[in-house]
Every structure is written in structure tokens, then in C-alpha cells.
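This is run.txt (compact mmCIF, C-alpha atoms and all ligand atoms).
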# COMPACT_ATOMS: atom_id res chain seq x y z
CA MET G 1 -170.45 -21.86 134.50
CA LYS G 2 -170.47 -20.82 130.86
CA VAL G 3 -167.03 -19.94 129.51
CA THR G 4 -167.28 -16.96 127.16
CA LYS G 5 -165.79 -17.00 123.66
CA LYS G 6 -163.46 -14.24 124.72
CA ALA G 7 -162.17 -16.29 127.64
CA ARG G 8 -161.73 -19.35 125.42
CA LYS G 9 -159.73 -17.30 122.90
CA GLU G 10 -157.51 -15.91 125.64
CA ALA G 11 -156.92 -19.42 126.94
CA VAL G 12 -156.00 -20.68 123.44
CA ARG G 13 -153.66 -17.72 122.90
CA ALA G 14 -151.92 -18.45 126.20
CA LEU G 15 -151.64 -22.10 125.24
CA ILE G 16 -150.11 -21.25 121.86
CA SER G 17 -147.66 -18.74 123.28
CA SER G 18 -146.33 -21.39 125.67
CA VAL G 19 -145.22 -23.49 122.66
CA PRO G 20 -142.41 -22.29 120.35
CA ILE G 21 -143.04 -22.00 116.60
CA GLY G 22 -142.32 -25.28 114.85
CA VAL G 23 -143.15 -27.36 117.92
CA PHE G 24 -146.09 -29.73 118.40
CA PHE G 25 -148.45 -29.53 121.37
CA THR G 26 -148.13 -32.24 123.99
CA GLU G 27 -151.00 -34.70 124.36
CA ASP G 28 -152.40 -32.76 127.31
CA GLN G 29 -152.17 -29.50 125.39
CA VAL G 30 -154.02 -31.05 122.43
CA ILE G 31 -156.80 -32.18 124.78
CA GLU G 32 -157.06 -28.70 126.28
CA PHE G 33 -157.08 -27.17 122.79
CA ASN G 34 -159.83 -29.56 121.65
CA VAL G 35 -161.96 -28.71 124.68
CA LEU G 36 -161.55 -24.96 124.14
CA THR G 37 -162.30 -25.07 120.40
CA LYS G 38 -164.78 -27.97 120.49
CA CYS G 39 -162.66 -29.71 117.89
CA ASN G 40 -161.21 -33.17 117.72
CA PHE G 41 -157.68 -32.96 116.42
CA LYS G 42 -154.91 -35.49 116.92
CA THR G 43 -151.97 -33.16 116.34
CA VAL G 44 -151.56 -29.43 116.80
CA GLU G 45 -148.42 -27.57 115.79
CA HIS G 46 -147.58 -23.95 116.49
CA ALA G 47 -146.66 -22.99 112.94
CA LEU G 48 -145.30 -20.10 110.95
CA ASN G 49 -148.01 -18.28 109.02
CA PHE G 50 -146.48 -17.87 105.56
CA LYS G 51 -149.11 -15.36 104.46
CA PHE G 52 -148.84 -13.23 107.61
CA PRO G 53 -145.45 -13.99 109.20
CA THR G 54 -146.15 -11.65 112.13
CA ASP G 55 -149.21 -13.68 113.16
CA PRO G 56 -148.10 -15.12 116.54
CA SER G 57 -150.82 -17.73 116.89
CA HIS G 58 -151.00 -19.72 113.67
CA LEU G 59 -151.69 -23.42 113.96
CA HIS G 60 -151.46 -26.53 111.85
CA CYS G 61 -154.04 -28.99 113.07
CA ASP G 62 -153.79 -32.55 111.74
CA GLY G 63 -151.39 -31.09 109.18
CA ASP G 64 -153.57 -28.26 107.83
CA CYS G 65 -153.70 -24.55 108.57
CA PHE G 66 -156.61 -24.09 110.95
CA SER G 67 -158.46 -20.94 111.93
CA TRP G 68 -159.11 -21.65 115.59
CA THR G 69 -160.70 -18.22 116.07
CA SER G 70 -163.39 -19.04 113.49
CA ALA G 71 -163.90 -22.37 115.19
CA ILE G 72 -164.56 -20.60 118.49
CA ASP G 73 -166.74 -17.96 116.83
CA ALA G 74 -168.84 -20.47 114.90
CA LYS G 75 -172.41 -20.58 116.14
CA PRO G 76 -174.28 -23.63 114.94
CA GLU G 77 -172.00 -26.48 114.05
CA ASP G 78 -172.84 -26.30 110.37
CA VAL G 79 -171.92 -22.63 109.89
CA TYR G 80 -168.31 -23.59 110.18
CA ASN G 81 -168.71 -26.59 107.90
CA ARG G 82 -170.49 -24.44 105.37
CA GLU G 83 -167.59 -22.02 105.35
CA LYS G 84 -165.19 -24.88 104.66
CA ALA G 85 -167.56 -26.22 102.01
CA HIS G 86 -167.66 -22.83 100.26
CA LYS G 87 -163.87 -22.72 100.11
CA ALA G 88 -163.64 -26.18 98.61
CA MET G 89 -166.49 -25.40 96.20
CA ARG G 90 -164.68 -22.27 95.10
CA GLU G 91 -161.51 -24.25 94.54
CA ALA G 92 -163.49 -26.72 92.42
CA ILE G 93 -164.59 -24.02 89.97
CA SER G 94 -161.19 -22.33 89.65
CA LEU G 95 -160.76 -23.73 86.13
CA GLN G 96 -164.10 -22.21 85.08
CA ILE G 97 -162.91 -18.88 86.42
CA ALA G 98 -159.58 -19.21 84.60
CA HIS G 99 -161.46 -20.02 81.41
CA ALA G 100 -163.83 -17.05 81.86
CA LYS G 101 -160.81 -14.80 82.18
CA THR G 102 -159.82 -15.65 78.60
CA TYR G 103 -163.02 -14.32 77.03
CA LEU G 104 -164.07 -11.54 79.44
CA PRO G 105 -163.07 -7.89 78.81
CA GLN G 106 -159.40 -7.30 79.63
CA PHE G 107 -160.23 -4.14 81.58
CA CYS G 108 -162.13 -3.26 84.76
CA GLU G 109 -165.81 -2.92 83.89
CA ASN G 110 -166.28 -0.41 86.68
CA CYS G 111 -163.37 2.03 86.34
CA GLY G 112 -161.81 1.03 83.00
CA SER G 113 -158.38 0.16 84.41
CA SER G 114 -156.46 -2.22 82.15
CA ASP G 115 -153.69 -3.11 84.56
CA THR G 116 -153.94 -6.82 83.72
CA ASP G 117 -152.04 -7.94 86.83
CA LYS G 118 -154.83 -6.57 88.99
CA LEU G 119 -157.89 -7.81 87.10
CA HIS G 120 -160.23 -10.29 88.75
CA VAL G 121 -163.14 -12.34 87.56
CA ASP G 122 -166.09 -11.37 89.74
CA HIS G 123 -169.52 -12.99 90.10
CA VAL G 124 -172.00 -10.26 89.13
CA ASN G 125 -175.22 -11.71 90.40
CA PRO G 126 -175.91 -13.95 92.15
CA PRO G 127 -172.73 -13.71 94.23
CA PHE G 128 -170.72 -16.89 94.65
CA HIS G 129 -171.88 -17.64 98.20
CA LEU G 130 -175.55 -17.62 97.15
CA ILE G 131 -174.86 -19.99 94.26
CA ALA G 132 -173.02 -22.30 96.66
CA ASP G 133 -175.77 -22.06 99.31
CA GLY G 134 -178.43 -22.78 96.68
CA PHE G 135 -176.59 -25.94 95.72
CA ILE G 136 -176.06 -26.99 99.35
CA ASP G 137 -179.79 -26.49 100.02
CA LEU G 138 -180.56 -28.90 97.18
CA HIS G 139 -177.84 -31.51 97.71
CA GLY G 140 -176.52 -31.09 101.23
CA LEU G 141 -172.97 -30.36 102.35
CA PRO G 142 -170.18 -31.93 100.29
CA LEU G 143 -167.64 -34.47 101.36
CA LEU G 144 -164.24 -32.87 101.60
CA ALA G 145 -160.90 -34.46 100.85
CA ARG G 146 -157.67 -33.19 102.31
CA TYR G 147 -155.32 -31.67 99.83
CA GLN G 148 -152.62 -29.41 101.17
CA CYS G 149 -152.04 -26.77 103.79
CA GLY G 150 -155.06 -24.52 103.92
CA VAL G 151 -156.77 -25.80 100.82
CA GLN G 152 -159.40 -28.45 101.16
CA VAL G 153 -160.94 -29.78 97.99
CA LEU G 154 -164.16 -31.57 97.17
CA LYS G 155 -164.03 -35.30 97.07
CA GLU G 156 -164.34 -36.22 93.41
CA ASN G 157 -167.70 -37.84 92.88
CA ASP G 158 -171.18 -37.16 91.44
CA TYR G 159 -171.62 -34.30 93.86
CA SER G 160 -168.55 -32.41 92.67
CA ALA G 161 -169.45 -33.04 89.02
CA LYS G 162 -173.00 -31.76 89.58
CA TRP G 163 -171.70 -28.76 91.47
CA MET G 164 -169.39 -27.73 88.63
CA GLU G 165 -172.23 -28.02 86.14
CA TYR G 166 -174.62 -26.10 88.43
CA HIS G 167 -172.10 -23.33 88.96
CA ASP G 168 -171.31 -23.11 85.26
CA HIS G 169 -175.01 -22.57 84.52
CA SER G 170 -175.62 -20.12 87.37
CA ALA G 171 -172.59 -17.86 87.24
CA VAL G 172 -172.54 -14.49 85.49
CA TYR G 173 -169.15 -12.82 85.45
CA GLN G 174 -167.65 -9.40 85.10
CA THR G 175 -164.07 -8.17 85.14
CA LEU G 176 -163.12 -5.91 88.03
CA CYS G 177 -159.79 -4.52 89.12
CA ARG G 178 -158.60 -5.35 92.60
CA SER G 179 -159.63 -2.05 94.15
CA CYS G 180 -163.10 -1.99 92.59
CA ASN G 181 -163.56 -5.61 93.61
CA SER G 182 -162.67 -4.97 97.24
CA SER G 183 -164.75 -1.78 97.50
CA LYS G 184 -167.68 -3.44 95.74
CA GLY G 185 -169.76 -4.08 98.83
CA GLY G 186 -173.37 -4.03 97.73
CA ARG G 187 -172.96 -1.26 95.19
CA ILE G 188 -172.40 -3.08 91.91
CA LYS G 189 -175.01 -5.75 91.54
ZN ZN L 1 -161.66 -0.77 88.71

How would this structure read if it were set down as C-alpha cells?
Ligand SMILES: [Zn+2]
Amino acid sequence: MKVTKKARKEAVRALISSVPIGVFFTEDQVIEFNVLTKCNFKTVEHALNFKFPTDPSHLHCDGDCFSWTSAIDAKPEDVYNREKAHKAMREAISLQIAHAKTYLPQFCENCGSSDTDKLHVDHVNPPFHLIADGFIDLHGLPLLARYQCGVQVLKENDYSAKWMEYHDHSAVYQTLCRSCNSSKGGRIK
């Protein structure tokens, strides 16, 4: 019988709620968790979600924050890996973004707001995920190194160096305020 994603999520939620926050799963619970999420973790801890403290089902798996719902929702194996790769690739170009911020207009290029606390550097076109996918299509998925809770970084090697160069050549930026950035959708290209 095929177990639906919904049923697997309910089972994981029940598993998590049986373990108090700050406590590690027992060996049997880890095995059950791995079967339900098709993962292969050694340790699972029911953890406090610092970003969203009311989140009742946050986990640290092998020491890192882990989105078990995305793991269950992932379709082909590599969709999930690609998502992780994109995050690490974004982290790798954070210095380029910080540098761009120093020479870009210090106001929102859509609405004119100059509330500097709320200004973001945005990829005009192509969007970041297409730049990253273009690179992955050429060079394959990157090797990731663990860094700290929730943030995985690229292993430093030729790949990461090439990626930074590729991104630097491909990216076109604009300054947007937070609200224009989040309502951007497909409108501003
Ligand atoms: Zn704006």
C-alpha cells in the first residue's frame, strides 16, 4: 500500500509531538523518522525554532535545522538537493551582493522609497534561481560543506570559484524596498 504524503506528515508530526523540545529522538524514533522522510540521519532533536518560536515541529537533524516537510514534498530526489544547492550558492555570493549595495541607488527603483533599512539588492533579470540552474546544468550539483544551523555553504574548490565568477558576470541588480521586492512576482522584469 502506498502511504500518502499527507499520512507521512501526520505520522512525523505525531512522532515530534511525543518528544519534548530540547530532547533527542530515541534510536527507534530516528529509524521511523528516516523511513517516513526517506532520509538517513543519525540524530534528530526536537528543537526550538528561533525564527518562528511558535513552530511546534522544528527539528535539528545531524545538528542542522531541517525542513522535514520539504523532504516529504520533494518529488525527484534531486529537486531537494537543488534547493539546498541554491541556498548554498546564494550564500557564496553574499559578498558580491554586499558590494553591489555600495554602488547601487540608495532608493527603491520601483517606488522611490529611501528607507535604507528596508532596501534590498534584487536580481533584475535573469532571476537568481535561473542563474544558479544554468550553472548547475553546465557543472552539475555542488559539493556542500556543513557550516552552522540552517546554513550550508559550498565546499571551497574550483567549483565554488567558478560559480562566483559566473554569477558575477551574469547578475544584473536593482535596488528594491522590502515591500516592492516581496510583491514583485513577475511584474518587474
Ligand atoms: Zn519600493

From the list G:Tyr173, G:Phe107, G:Tyr159, G:Phe135, the nearest residue to ligand ZN 1 (chain L) using all atoms listed in the file is G:Phe107

Using all atoms listed in the file, determine which residues fall within 9 Å of ligand ZN 1 (chain L), then list them as a list in words.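 The residues within 9 Å of ligand ZN 1 (chain L), counting all atoms listed in the file, are Phe107, Cys108, Glu109, Asn110, Cys111, Gly112, Ser113, Ser114, Lys118, Leu119, Thr175, Leu176, Cys177, Arg178, Ser179, Cys180 and Asn181 of chain G.
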
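One finds CA of His46 (chain G) at 4.9 Å from CA of Leu59 (chain G).
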
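In this comparison, which uses all atoms listed in the file, the residue of G:Leu138, G:Ala145, G:Ile21, G:Val3 approaching Leu36 (chain G) most closely is G:Val3.
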
Around the point (-159.6, -23.7, 117.7), in the coordinates given by the file, pick out the residues reaching within 10 Å, counting only C-alpha atoms, and return them as a ChimeraX atom specification. /G:8-9,12-13,33-41,44,59,61,66-73

Please produce a file of those selected residues containing C-alpha atoms, as a PDB file, in the frame of the given file.
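Dumped to selection_32.pdb:
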ATOM      1  CA  ARG G   8    -161.730 -19.350 125.420  1.00  0.00           C
ATOM      2  CA  LYS G   9    -159.730 -17.300 122.900  1.00  0.00           C
ATOM      3  CA  VAL G  12    -156.000 -20.680 123.440  1.00  0.00           C
ATOM      4  CA  ARG G  13    -153.660 -17.720 122.900  1.00  0.00           C
ATOM      5  CA  PHE G  33    -157.080 -27.170 122.790  1.00  0.00           C
ATOM      6  CA  ASN G  34    -159.830 -29.560 121.650  1.00  0.00           C
ATOM      7  CA  VAL G  35    -161.960 -28.710 124.680  1.00  0.00           C
ATOM      8  CA  LEU G  36    -161.550 -24.960 124.140  1.00  0.00           C
ATOM      9  CA  THR G  37    -162.300 -25.070 120.400  1.00  0.00           C
ATOM     10  CA  LYS G  38    -164.780 -27.970 120.490  1.00  0.00           C
ATOM     11  CA  CYS G  39    -162.660 -29.710 117.890  1.00  0.00           C
ATOM     12  CA  ASN G  40    -161.210 -33.170 117.720  1.00  0.00           C
ATOM     13  CA  PHE G  41    -157.680 -32.960 116.420  1.00  0.00           C
ATOM     14  CA  VAL G  44    -151.560 -29.430 116.800  1.00  0.00           C
ATOM     15  CA  LEU G  59    -151.690 -23.420 113.960  1.00  0.00           C
ATOM     16  CA  CYS G  61    -154.040 -28.990 113.070  1.00  0.00           C
ATOM     17  CA  PHE G  66    -156.610 -24.090 110.950  1.00  0.00           C
ATOM     18  CA  SER G  67    -158.460 -20.940 111.930  1.00  0.00           C
ATOM     19  CA  TRP G  68    -159.110 -21.650 115.590  1.00  0.00           C
ATOM     20  CA  THR G  69    -160.700 -18.220 116.070  1.00  0.00           C
ATOM     21  CA  SER G  70    -163.390 -19.040 113.490  1.00  0.00           C
ATOM     22  CA  ALA G  71    -163.900 -22.370 115.190  1.00  0.00           C
ATOM     23  CA  ILE G  72    -164.560 -20.600 118.490  1.00  0.00           C
ATOM     24  CA  ASP G  73    -166.740 -17.960 116.830  1.00  0.00           C
TER      25      ASP G  73
END

How far is it from CA of Phe128 (chain G) to CA of Arg82 (chain G), in Å with one decimal?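 Computing the Euclidean distance for CA of Phe128 (chain G) and CA of Arg82 (chain G) yields 13.1 Å.
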
Among listed residues G:Gln96, G:Thr43, G:Ser170, G:Ser183, nearest Asp28 (chain G) (using all atoms listed in the file): G:Thr43

Between CA of Met89 (chain G) and CA of Tyr103 (chain G), what is the spacing in Å? 22.4 Å

Which residues come within 9 Å of Ala132 (chain G), counting all atoms listed in the file, excluding same-chain residues fewer than 4 positions away, as a ChimeraX atom specification? /G:85-86,89-90,127-128,136-137,163,167

Same residues, C-alpha atoms, output as a short mmCIF file (atom, residue, chain, number, x, y, z; two decimals), keeping the file's coordinate frame:
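result-v4.cif, written as the output of this step:
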data_model
loop_
_atom_site.label_atom_id
_atom_site.label_comp_id
_atom_site.auth_asym_id
_atom_site.auth_seq_id
_atom_site.Cartn_x
_atom_site.Cartn_y
_atom_site.Cartn_z
CA ALA G 85 -167.56 -26.22 102.01
CA HIS G 86 -167.66 -22.83 100.26
CA MET G 89 -166.49 -25.40 96.20
CA ARG G 90 -164.68 -22.27 95.10
CA PRO G 127 -172.73 -13.71 94.23
CA PHE G 128 -170.72 -16.89 94.65
CA ILE G 136 -176.06 -26.99 99.35
CA ASP G 137 -179.79 -26.49 100.02
CA TRP G 163 -171.70 -28.76 91.47
CA HIS G 167 -172.10 -23.33 88.96
#

Pick out the residues sitting within 10 Å of Ala100 (chain G), and hand them over as a compact mmCIF listing (two decimals) with C-alpha atoms, in the coordinates of the input; count all atoms listed in the file, and ignore anything fewer than 2 positions along from it in its own chain.
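The result, written out as selection-v9.txt:
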# COMPACT_ATOMS: atom_id res chain seq x y z
CA SER G 94 -161.19 -22.33 89.65
CA LEU G 95 -160.76 -23.73 86.13
CA GLN G 96 -164.10 -22.21 85.08
CA ILE G 97 -162.91 -18.88 86.42
CA ALA G 98 -159.58 -19.21 84.60
CA THR G 102 -159.82 -15.65 78.60
CA TYR G 103 -163.02 -14.32 77.03
CA LEU G 104 -164.07 -11.54 79.44
CA PRO G 105 -163.07 -7.89 78.81
CA VAL G 121 -163.14 -12.34 87.56
CA ASP G 122 -166.09 -11.37 89.74
CA VAL G 172 -172.54 -14.49 85.49
CA TYR G 173 -169.15 -12.82 85.45
CA GLN G 174 -167.65 -9.40 85.10
CA THR G 175 -164.07 -8.17 85.14

When you count only C-alpha atoms, which of these residues is closest to Glu83 (chain G): G:Asp115, G:Asp133, G:Glu45, G:Asp64? G:Asp133

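Proximity to Tyr166 (chain G) was assessed for G:Val153, G:Ile93, G:Leu141, G:Ala11 counting only C-alpha atoms; the smallest distance is recorded for G:Ile93.
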
With distances taken over only C-alpha atoms, which of G:His139, G:Glu165, G:Phe50, G:Pro56 is nearest to Ala14 (chain G)? G:Pro56

Give me the residues within 9 Å of Ala171 (chain G) as a PyMOL selection string, counting all atoms listed in the file and dropping any in the same chain fewer than 6 places off. chain G and resi 123-128+131

Mind completing region 91-124 of chain G with N, CA and C atoms? Output as a JSON list (two decimals), in the coordinates of the input, please?
[["chain", "number", "residue", "atom", "x", "y", "z"],
["G", 91, "GLU", "N", -162.69, -23.62, 95.12],
["G", 91, "GLU", "CA", -161.51, -24.25, 94.54],
["G", 91, "GLU", "C", -161.90, -25.12, 93.33],
["G", 92, "ALA", "N", -163.04, -25.80, 93.47],
["G", 92, "ALA", "CA", -163.49, -26.72, 92.42],
["G", 92, "ALA", "C", -163.84, -26.00, 91.11],
["G", 93, "ILE", "N", -164.20, -24.72, 91.20],
["G", 93, "ILE", "CA", -164.59, -24.02, 89.97],
["G", 93, "ILE", "C", -163.48, -23.08, 89.49],
["G", 94, "SER", "N", -162.27, -23.25, 90.03],
["G", 94, "SER", "CA", -161.19, -22.33, 89.65],
["G", 94, "SER", "C", -160.83, -22.43, 88.16],
["G", 95, "LEU", "N", -161.02, -23.61, 87.57],
["G", 95, "LEU", "CA", -160.76, -23.73, 86.13],
["G", 95, "LEU", "C", -161.80, -22.98, 85.31],
["G", 96, "GLN", "N", -163.05, -22.99, 85.77],
["G", 96, "GLN", "CA", -164.10, -22.21, 85.08],
["G", 96, "GLN", "C", -163.77, -20.72, 85.12],
["G", 97, "ILE", "N", -163.27, -20.29, 86.27],
["G", 97, "ILE", "CA", -162.91, -18.88, 86.42],
["G", 97, "ILE", "C", -161.74, -18.54, 85.49],
["G", 98, "ALA", "N", -160.76, -19.43, 85.46],
["G", 98, "ALA", "CA", -159.58, -19.21, 84.60],
["G", 98, "ALA", "C", -160.01, -19.17, 83.13],
["G", 99, "HIS", "N", -160.97, -20.02, 82.78],
["G", 99, "HIS", "CA", -161.46, -20.02, 81.41],
["G", 99, "HIS", "C", -162.21, -18.72, 81.11],
["G", 100, "ALA", "N", -163.06, -18.28, 82.05],
["G", 100, "ALA", "CA", -163.83, -17.05, 81.86],
["G", 100, "ALA", "C", -162.89, -15.87, 81.62],
["G", 101, "LYS", "N", -161.78, -15.89, 82.30],
["G", 101, "LYS", "CA", -160.81, -14.80, 82.18],
["G", 101, "LYS", "C", -160.32, -14.64, 80.74],
["G", 102, "THR", "N", -160.33, -15.73, 79.98],
["G", 102, "THR", "CA", -159.82, -15.65, 78.60],
["G", 102, "THR", "C", -160.79, -14.97, 77.64],
["G", 103, "TYR", "N", -162.09, -14.96, 77.97],
["G", 103, "TYR", "CA", -163.02, -14.32, 77.03],
["G", 103, "TYR", "C", -163.67, -13.04, 77.57],
["G", 104, "LEU", "N", -163.49, -12.76, 78.87],
["G", 104, "LEU", "CA", -164.07, -11.54, 79.44],
["G", 104, "LEU", "C", -163.25, -10.32, 79.01],
["G", 105, "PRO", "N", -163.84, -9.10, 79.13],
["G", 105, "PRO", "CA", -163.07, -7.89, 78.81],
["G", 105, "PRO", "C", -161.77, -7.83, 79.61],
["G", 106, "GLN", "N", -160.70, -7.37, 78.96],
["G", 106, "GLN", "CA", -159.40, -7.30, 79.63],
["G", 106, "GLN", "C", -159.21, -5.92, 80.27],
["G", 107, "PHE", "N", -160.30, -5.41, 80.84],
["G", 107, "PHE", "CA", -160.23, -4.14, 81.58],
["G", 107, "PHE", "C", -161.31, -4.16, 82.66],
["G", 108, "CYS", "N", -161.15, -3.31, 83.68],
["G", 108, "CYS", "CA", -162.13, -3.26, 84.76],
["G", 108, "CYS", "C", -163.43, -2.66, 84.24],
["G", 109, "GLU", "N", -164.53, -3.39, 84.42],
["G", 109, "GLU", "CA", -165.81, -2.92, 83.89],
["G", 109, "GLU", "C", -166.43, -1.82, 84.74],
["G", 110, "ASN", "N", -165.79, -1.51, 85.85],
["G", 110, "ASN", "CA", -166.28, -0.41, 86.68],
["G", 110, "ASN", "C", -165.50, 0.87, 86.42],
["G", 111, "CYS", "N", -164.16, 0.81, 86.45],
["G", 111, "CYS", "CA", -163.37, 2.03, 86.34],
["G", 111, "CYS", "C", -162.55, 2.10, 85.04],
["G", 112, "GLY", "N", -162.52, 1.00, 84.27],
["G", 112, "GLY", "CA", -161.81, 1.03, 83.00],
["G", 112, "GLY", "C", -160.33, 0.69, 83.07],
["G", 113, "SER", "N", -159.80, 0.47, 84.28],
["G", 113, "SER", "CA", -158.38, 0.16, 84.41],
["G", 113, "SER", "C", -158.02, -1.09, 83.61],
["G", 114, "SER", "N", -156.86, -1.04, 82.92],
["G", 114, "SER", "CA", -156.46, -2.22, 82.15],
["G", 114, "SER", "C", -155.14, -2.78, 82.66],
["G", 115, "ASP", "N", -154.87, -2.53, 83.92],
["G", 115, "ASP", "CA", -153.69, -3.11, 84.56],
["G", 115, "ASP", "C", -153.95, -4.61, 84.75],
["G", 116, "THR", "N", -153.51, -5.41, 83.77],
["G", 116, "THR", "CA", -153.94, -6.82, 83.72],
["G", 116, "THR", "C", -153.53, -7.63, 84.96],
["G", 117, "ASP", "N", -152.45, -7.21, 85.63],
["G", 117, "ASP", "CA", -152.04, -7.94, 86.83],
["G", 117, "ASP", "C", -153.09, -7.87, 87.94],
["G", 118, "LYS", "N", -153.91, -6.80, 87.87],
["G", 118, "LYS", "CA", -154.83, -6.57, 88.99],
["G", 118, "LYS", "C", -156.28, -6.89, 88.65],
["G", 119, "LEU", "N", -156.51, -7.51, 87.48],
["G", 119, "LEU", "CA", -157.89, -7.81, 87.10],
["G", 119, "LEU", "C", -158.37, -9.12, 87.69],
["G", 120, "HIS", "N", -159.61, -9.11, 88.14],
["G", 120, "HIS", "CA", -160.23, -10.29, 88.75],
["G", 120, "HIS", "C", -161.51, -10.64, 88.04],
["G", 121, "VAL", "N", -161.83, -11.91, 88.02],
["G", 121, "VAL", "CA", -163.14, -12.34, 87.56],
["G", 121, "VAL", "C", -164.08, -12.32, 88.76],
["G", 122, "ASP", "N", -165.16, -11.54, 88.63],
["G", 122, "ASP", "CA", -166.09, -11.37, 89.74],
["G", 122, "ASP", "C", -167.46, -11.95, 89.36],
["G", 123, "HIS", "N", -168.13, -12.55, 90.35],
["G", 123, "HIS", "CA", -169.52, -12.99, 90.10],
["G", 123, "HIS", "C", -170.42, -11.77, 90.20],
["G", 124, "VAL", "N", -171.12, -11.44, 89.10],
["G", 124, "VAL", "CA", -172.00, -10.26, 89.13],
["G", 124, "VAL", "C", -173.17, -10.54, 90.04]]
